[in-house]
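Source file: input-v4.pdb (PDB, N, CA and C atoms and all ligand atoms)
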ATOM      1  N   MET K   1     -32.092 -18.187  63.996  1.00  0.00           N
ATOM      2  CA  MET K   1     -32.133 -17.011  63.097  1.00  0.00           C
ATOM      3  C   MET K   1     -30.751 -16.350  63.013  1.00  0.00           C
ATOM      4  N   SER K   2     -30.177 -16.343  61.839  1.00  0.00           N
ATOM      5  CA  SER K   2     -28.874 -15.716  61.670  1.00  0.00           C
ATOM      6  C   SER K   2     -29.017 -14.260  61.245  1.00  0.00           C
ATOM      7  N   GLY K   3     -30.191 -13.895  60.821  1.00  0.00           N
ATOM      8  CA  GLY K   3     -30.427 -12.525  60.418  1.00  0.00           C
ATOM      9  C   GLY K   3     -30.084 -12.263  58.963  1.00  0.00           C
ATOM     10  N   SER K   4     -29.734 -13.328  58.235  1.00  0.00           N
ATOM     11  CA  SER K   4     -29.412 -13.120  56.827  1.00  0.00           C
ATOM     12  C   SER K   4     -30.684 -12.925  56.016  1.00  0.00           C
ATOM     13  N   LEU K   5     -30.571 -12.064  55.033  1.00  0.00           N
ATOM     14  CA  LEU K   5     -31.737 -11.736  54.224  1.00  0.00           C
ATOM     15  C   LEU K   5     -31.612 -12.426  52.868  1.00  0.00           C
ATOM     16  N   THR K   6     -32.511 -13.344  52.599  1.00  0.00           N
ATOM     17  CA  THR K   6     -32.456 -14.053  51.319  1.00  0.00           C
ATOM     18  C   THR K   6     -33.482 -13.472  50.344  1.00  0.00           C
ATOM     19  N   PRO K   7     -33.006 -12.976  49.222  1.00  0.00           N
ATOM     20  CA  PRO K   7     -33.937 -12.430  48.237  1.00  0.00           C
ATOM     21  C   PRO K   7     -34.778 -13.543  47.612  1.00  0.00           C
ATOM     22  N   PRO K   8     -36.004 -13.215  47.226  1.00  0.00           N
ATOM     23  CA  PRO K   8     -36.901 -14.226  46.653  1.00  0.00           C
ATOM     24  C   PRO K   8     -36.398 -14.759  45.311  1.00  0.00           C
ATOM     25  N   VAL K   9     -35.735 -13.909  44.561  1.00  0.00           N
ATOM     26  CA  VAL K   9     -35.220 -14.328  43.259  1.00  0.00           C
ATOM     27  C   VAL K   9     -33.724 -14.075  43.216  1.00  0.00           C
ATOM     28  N   GLN K  10     -32.960 -15.120  42.915  1.00  0.00           N
ATOM     29  CA  GLN K  10     -31.512 -14.953  42.842  1.00  0.00           C
ATOM     30  C   GLN K  10     -31.072 -14.896  41.390  1.00  0.00           C
ATOM     31  N   LEU K  11     -30.530 -13.770  41.010  1.00  0.00           N
ATOM     32  CA  LEU K  11     -30.071 -13.593  39.641  1.00  0.00           C
ATOM     33  C   LEU K  11     -28.554 -13.592  39.564  1.00  0.00           C
ATOM     34  N   GLY K  12     -27.895 -13.548  40.709  1.00  0.00           N
ATOM     35  CA  GLY K  12     -26.449 -13.514  40.724  1.00  0.00           C
ATOM     36  C   GLY K  12     -25.885 -12.151  40.377  1.00  0.00           C
ATOM     37  N   GLU K  13     -26.748 -11.118  40.423  1.00  0.00           N
ATOM     38  CA  GLU K  13     -26.280  -9.770  40.132  1.00  0.00           C
ATOM     39  C   GLU K  13     -26.626  -8.864  41.303  1.00  0.00           C
ATOM     40  N   PRO K  14     -25.763  -7.884  41.571  1.00  0.00           N
ATOM     41  CA  PRO K  14     -25.994  -6.972  42.692  1.00  0.00           C
ATOM     42  C   PRO K  14     -27.292  -6.195  42.543  1.00  0.00           C
ATOM     43  N   ARG K  15     -27.591  -5.729  41.350  1.00  0.00           N
ATOM     44  CA  ARG K  15     -28.861  -5.040  41.157  1.00  0.00           C
ATOM     45  C   ARG K  15     -29.536  -5.565  39.904  1.00  0.00           C
ATOM     46  N   PRO K  16     -30.756  -6.025  40.054  1.00  0.00           N
ATOM     47  CA  PRO K  16     -31.477  -6.608  38.931  1.00  0.00           C
ATOM     48  C   PRO K  16     -31.869  -5.537  37.920  1.00  0.00           C
ATOM     49  N   ALA K  17     -31.372  -5.668  36.717  1.00  0.00           N
ATOM     50  CA  ALA K  17     -31.739  -4.743  35.657  1.00  0.00           C
ATOM     51  C   ALA K  17     -32.204  -5.543  34.452  1.00  0.00           C
ATOM     52  N   PRO K  18     -33.508  -5.655  34.292  1.00  0.00           N
ATOM     53  CA  PRO K  18     -34.053  -6.439  33.184  1.00  0.00           C
ATOM     54  C   PRO K  18     -33.588  -5.892  31.843  1.00  0.00           C
ATOM     55  N   LYS K  19     -33.236  -6.796  30.950  1.00  0.00           N
ATOM     56  CA  LYS K  19     -32.790  -6.350  29.632  1.00  0.00           C
ATOM     57  C   LYS K  19     -33.990  -6.185  28.714  1.00  0.00           C
ATOM     58  N   PRO K  20     -34.038  -5.072  28.015  1.00  0.00           N
ATOM     59  CA  PRO K  20     -35.143  -4.837  27.094  1.00  0.00           C
ATOM     60  C   PRO K  20     -34.955  -5.633  25.810  1.00  0.00           C
ATOM     61  N   ALA K  21     -36.053  -5.939  25.159  1.00  0.00           N
ATOM     62  CA  ALA K  21     -35.965  -6.557  23.847  1.00  0.00           C
ATOM     63  C   ALA K  21     -35.412  -5.531  22.867  1.00  0.00           C
ATOM     64  N   ALA K  22     -34.511  -5.975  22.015  1.00  0.00           N
ATOM     65  CA  ALA K  22     -33.782  -5.048  21.152  1.00  0.00           C
ATOM     66  C   ALA K  22     -34.708  -4.259  20.231  1.00  0.00           C
ATOM     67  N   GLU K  23     -35.771  -4.895  19.789  1.00  0.00           N
ATOM     68  CA  GLU K  23     -36.630  -4.238  18.800  1.00  0.00           C
ATOM     69  C   GLU K  23     -37.949  -3.778  19.373  1.00  0.00           C
ATOM     70  N   CYS K  24     -38.016  -3.664  20.704  1.00  0.00           N
ATOM     71  CA  CYS K  24     -39.263  -3.242  21.335  1.00  0.00           C
ATOM     72  C   CYS K  24     -39.173  -1.766  21.717  1.00  0.00           C
ATOM     73  N   ASP K  25     -39.953  -0.936  21.042  1.00  0.00           N
ATOM     74  CA  ASP K  25     -39.923   0.503  21.302  1.00  0.00           C
ATOM     75  C   ASP K  25     -40.324   0.821  22.736  1.00  0.00           C
ATOM     76  N   ILE K  26     -41.301   0.084  23.225  1.00  0.00           N
ATOM     77  CA  ILE K  26     -41.786   0.348  24.582  1.00  0.00           C
ATOM     78  C   ILE K  26     -40.687   0.084  25.597  1.00  0.00           C
ATOM     79  N   CYS K  27     -39.972  -1.004  25.409  1.00  0.00           N
ATOM     80  CA  CYS K  27     -38.876  -1.318  26.317  1.00  0.00           C
ATOM     81  C   CYS K  27     -37.786  -0.252  26.248  1.00  0.00           C
ATOM     82  N   GLN K  28     -37.503   0.237  25.055  1.00  0.00           N
ATOM     83  CA  GLN K  28     -36.488   1.274  24.921  1.00  0.00           C
ATOM     84  C   GLN K  28     -36.896   2.521  25.701  1.00  0.00           C
ATOM     85  N   VAL K  29     -38.174   2.861  25.621  1.00  0.00           N
ATOM     86  CA  VAL K  29     -38.680   4.022  26.359  1.00  0.00           C
ATOM     87  C   VAL K  29     -38.577   3.791  27.859  1.00  0.00           C
ATOM     88  N   LEU K  30     -38.942   2.576  28.282  1.00  0.00           N
ATOM     89  CA  LEU K  30     -38.879   2.246  29.706  1.00  0.00           C
ATOM     90  C   LEU K  30     -37.449   2.333  30.219  1.00  0.00           C
ATOM     91  N   VAL K  31     -36.502   1.834  29.432  1.00  0.00           N
ATOM     92  CA  VAL K  31     -35.095   1.877  29.826  1.00  0.00           C
ATOM     93  C   VAL K  31     -34.619   3.321  29.912  1.00  0.00           C
ATOM     94  N   ASN K  32     -35.038   4.119  28.948  1.00  0.00           N
ATOM     95  CA  ASN K  32     -34.645   5.528  28.954  1.00  0.00           C
ATOM     96  C   ASN K  32     -35.201   6.234  30.191  1.00  0.00           C
ATOM     97  N   GLU K  33     -36.452   5.966  30.497  1.00  0.00           N
ATOM     98  CA  GLU K  33     -37.073   6.558  31.684  1.00  0.00           C
ATOM     99  C   GLU K  33     -36.381   6.085  32.958  1.00  0.00           C
ATOM    100  N   ARG K  34     -35.980   4.813  32.943  1.00  0.00           N
ATOM    101  CA  ARG K  34     -35.306   4.269  34.122  1.00  0.00           C
ATOM    102  C   ARG K  34     -33.975   4.982  34.360  1.00  0.00           C
ATOM    103  N   GLN K  35     -33.266   5.263  33.265  1.00  0.00           N
ATOM    104  CA  GLN K  35     -31.986   5.961  33.405  1.00  0.00           C
ATOM    105  C   GLN K  35     -32.192   7.361  33.964  1.00  0.00           C
ATOM    106  N   LEU K  36     -33.250   8.024  33.493  1.00  0.00           N
ATOM    107  CA  LEU K  36     -33.558   9.358  34.004  1.00  0.00           C
ATOM    108  C   LEU K  36     -33.927   9.288  35.481  1.00  0.00           C
ATOM    109  N   ALA K  37     -34.717   8.282  35.852  1.00  0.00           N
ATOM    110  CA  ALA K  37     -35.120   8.119  37.248  1.00  0.00           C
ATOM    111  C   ALA K  37     -33.899   7.844  38.120  1.00  0.00           C
ATOM    112  N   GLU K  38     -32.979   6.993  37.618  1.00  0.00           N
ATOM    113  CA  GLU K  38     -31.754   6.700  38.358  1.00  0.00           C
ATOM    114  C   GLU K  38     -30.941   7.974  38.546  1.00  0.00           C
ATOM    115  N   ALA K  39     -30.888   8.786  37.499  1.00  0.00           N
ATOM    116  CA  ALA K  39     -30.081  10.002  37.544  1.00  0.00           C
ATOM    117  C   ALA K  39     -30.580  10.964  38.597  1.00  0.00           C
ATOM    118  N   ARG K  40     -31.889  10.975  38.840  1.00  0.00           N
ATOM    119  CA  ARG K  40     -32.403  11.896  39.854  1.00  0.00           C
ATOM    120  C   ARG K  40     -32.661  11.192  41.181  1.00  0.00           C
ATOM    121  N   GLY K  41     -32.252   9.921  41.271  1.00  0.00           N
ATOM    122  CA  GLY K  41     -32.331   9.212  42.540  1.00  0.00           C
ATOM    123  C   GLY K  41     -33.728   8.756  42.903  1.00  0.00           C
ATOM    124  N   ASP K  42     -34.582   8.607  41.901  1.00  0.00           N
ATOM    125  CA  ASP K  42     -35.964   8.187  42.152  1.00  0.00           C
ATOM    126  C   ASP K  42     -36.042   6.662  42.140  1.00  0.00           C
ATOM    127  N   LYS K  43     -35.704   6.066  43.284  1.00  0.00           N
ATOM    128  CA  LYS K  43     -35.555   4.611  43.322  1.00  0.00           C
ATOM    129  C   LYS K  43     -36.881   3.891  43.165  1.00  0.00           C
ATOM    130  N   SER K  44     -37.945   4.472  43.659  1.00  0.00           N
ATOM    131  CA  SER K  44     -39.241   3.797  43.533  1.00  0.00           C
ATOM    132  C   SER K  44     -39.685   3.779  42.079  1.00  0.00           C
ATOM    133  N   LYS K  45     -39.344   4.837  41.351  1.00  0.00           N
ATOM    134  CA  LYS K  45     -39.660   4.880  39.920  1.00  0.00           C
ATOM    135  C   LYS K  45     -38.819   3.849  39.163  1.00  0.00           C
ATOM    136  N   VAL K  46     -37.556   3.748  39.540  1.00  0.00           N
ATOM    137  CA  VAL K  46     -36.671   2.760  38.921  1.00  0.00           C
ATOM    138  C   VAL K  46     -37.220   1.354  39.124  1.00  0.00           C
ATOM    139  N   ALA K  47     -37.626   1.051  40.343  1.00  0.00           N
ATOM    140  CA  ALA K  47     -38.186  -0.272  40.647  1.00  0.00           C
ATOM    141  C   ALA K  47     -39.458  -0.508  39.843  1.00  0.00           C
ATOM    142  N   ASP K  48     -40.249   0.540  39.739  1.00  0.00           N
ATOM    143  CA  ASP K  48     -41.488   0.481  38.970  1.00  0.00           C
ATOM    144  C   ASP K  48     -41.219   0.128  37.514  1.00  0.00           C
ATOM    145  N   LEU K  49     -40.244   0.801  36.938  1.00  0.00           N
ATOM    146  CA  LEU K  49     -39.916   0.590  35.525  1.00  0.00           C
ATOM    147  C   LEU K  49     -39.289  -0.783  35.320  1.00  0.00           C
ATOM    148  N   ASN K  50     -38.498  -1.244  36.289  1.00  0.00           N
ATOM    149  CA  ASN K  50     -37.928  -2.590  36.201  1.00  0.00           C
ATOM    150  C   ASN K  50     -39.029  -3.640  36.164  1.00  0.00           C
ATOM    151  N   ILE K  51     -40.052  -3.429  36.970  1.00  0.00           N
ATOM    152  CA  ILE K  51     -41.180  -4.374  36.990  1.00  0.00           C
ATOM    153  C   ILE K  51     -41.904  -4.344  35.650  1.00  0.00           C
ATOM    154  N   GLU K  52     -42.093  -3.156  35.124  1.00  0.00           N
ATOM    155  CA  GLU K  52     -42.766  -3.041  33.826  1.00  0.00           C
ATOM    156  C   GLU K  52     -41.972  -3.742  32.729  1.00  0.00           C
ATOM    157  N   LEU K  53     -40.657  -3.557  32.764  1.00  0.00           N
ATOM    158  CA  LEU K  53     -39.793  -4.207  31.772  1.00  0.00           C
ATOM    159  C   LEU K  53     -39.889  -5.718  31.892  1.00  0.00           C
ATOM    160  N   ARG K  54     -39.848  -6.198  33.130  1.00  0.00           N
ATOM    161  CA  ARG K  54     -39.858  -7.635  33.359  1.00  0.00           C
ATOM    162  C   ARG K  54     -41.190  -8.255  32.940  1.00  0.00           C
ATOM    163  N   ASN K  55     -42.242  -7.465  33.108  1.00  0.00           N
ATOM    164  CA  ASN K  55     -43.574  -8.007  32.844  1.00  0.00           C
ATOM    165  C   ASN K  55     -44.094  -7.680  31.458  1.00  0.00           C
ATOM    166  N   HIS K  56     -43.253  -7.039  30.647  1.00  0.00           N
ATOM    167  CA  HIS K  56     -43.744  -6.676  29.331  1.00  0.00           C
ATOM    168  C   HIS K  56     -44.133  -7.933  28.561  1.00  0.00           C
ATOM    169  N   PRO K  57     -45.406  -8.064  28.234  1.00  0.00           N
ATOM    170  CA  PRO K  57     -45.949  -9.337  27.751  1.00  0.00           C
ATOM    171  C   PRO K  57     -45.590  -9.674  26.305  1.00  0.00           C
ATOM    172  N   GLU K  58     -45.232  -8.706  25.526  1.00  0.00           N
ATOM    173  CA  GLU K  58     -45.089  -8.957  24.093  1.00  0.00           C
ATOM    174  C   GLU K  58     -43.951  -9.912  23.752  1.00  0.00           C
ATOM    175  N   HIS K  59     -42.977 -10.007  24.641  1.00  0.00           N
ATOM    176  CA  HIS K  59     -41.849 -10.899  24.364  1.00  0.00           C
ATOM    177  C   HIS K  59     -41.520 -11.718  25.584  1.00  0.00           C
ATOM    178  N   GLU K  60     -42.570 -12.093  26.300  1.00  0.00           N
ATOM    179  CA  GLU K  60     -42.411 -12.934  27.472  1.00  0.00           C
ATOM    180  C   GLU K  60     -41.858 -14.298  27.057  1.00  0.00           C
ATOM    181  N   GLY K  61     -40.885 -14.777  27.766  1.00  0.00           N
ATOM    182  CA  GLY K  61     -40.329 -16.093  27.475  1.00  0.00           C
ATOM    183  C   GLY K  61     -39.180 -16.052  26.495  1.00  0.00           C
ATOM    184  N   GLN K  62     -38.736 -14.837  26.136  1.00  0.00           N
ATOM    185  CA  GLN K  62     -37.610 -14.730  25.221  1.00  0.00           C
ATOM    186  C   GLN K  62     -36.306 -15.082  25.910  1.00  0.00           C
TER     187      GLN K  62
HETATM  188 ZN    ZN K 101     -40.996  -4.719  25.413  1.00  0.00          ZN
END
For this file, write the structure as structure tokens.
Amino acid sequence: MSGSLTPPVQLGEPRPAPKPAAECDICQVLVNERQLAEARGDKSKVADLNIELRNHPEHEGQ
């Protein structure tokens, strides 16, 4: 055991920030809320919104 922590998903980025679909109003709202959550340091809310963005079904596989 070296003690290294391997993340389950490697994206090659320091912090995973799912990109919203350009024409999806819901994603735009989620991104806006995420920015507000980040601004007030609400990390659990940010993670929550990232999951919602990633799982938004309307443009899955884009
Ligand atoms: Zn969306």
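With all atoms listed in the file counted, the chains near ligand ZN 101 (chain K) contribute these residues within 7 Å: Pro20, Ala21, Glu23, Cys24, Asp25, Ile26, Cys27, Gln28, Leu53, His56, Pro57, Glu58 and His59 of chain K.
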Separating CA of Leu30 in chain K from CA of Asn50 in chain K, to the nearest tenth of an Å, is a gap of 8.2 Å
Taking all atoms of range 26-40 of chain K that the file lists, what box with edges along x, y and z, padded by 8 Å per side, do you get, with centre and edge lengths in Å to one decimal, as lines of an AutoDock Vina configuration file?
center_x = -35.9
center_y = 5.3
center_z = 32.2
size_x = 27.7
size_y = 29.2
size_z = 34.0
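Atom C of Ala47 in chain K to atom C of Lys19 in chain K spans 13.6 Å [interatomic distance, one decimal].
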In Å and to one decimal, atom N of Asn55 in chain K is distant from CA of Ser4 in chain K by 27.6 Å
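Listed by chain and then by number, the residues chosen by the PyMOL selection byres (((chain K and resi 48 and name CA) around 12) and not hetatm and name CA) in this file are Ala17, Pro18, Leu30, Val31, Glu33, Arg34, Ala37, Glu38, Asp42, Lys43, Ser44, Lys45, Val46, Ala47, Leu49, Asn50, Ile51, Glu52, Leu53, Arg54 and Asn55 of chain K.
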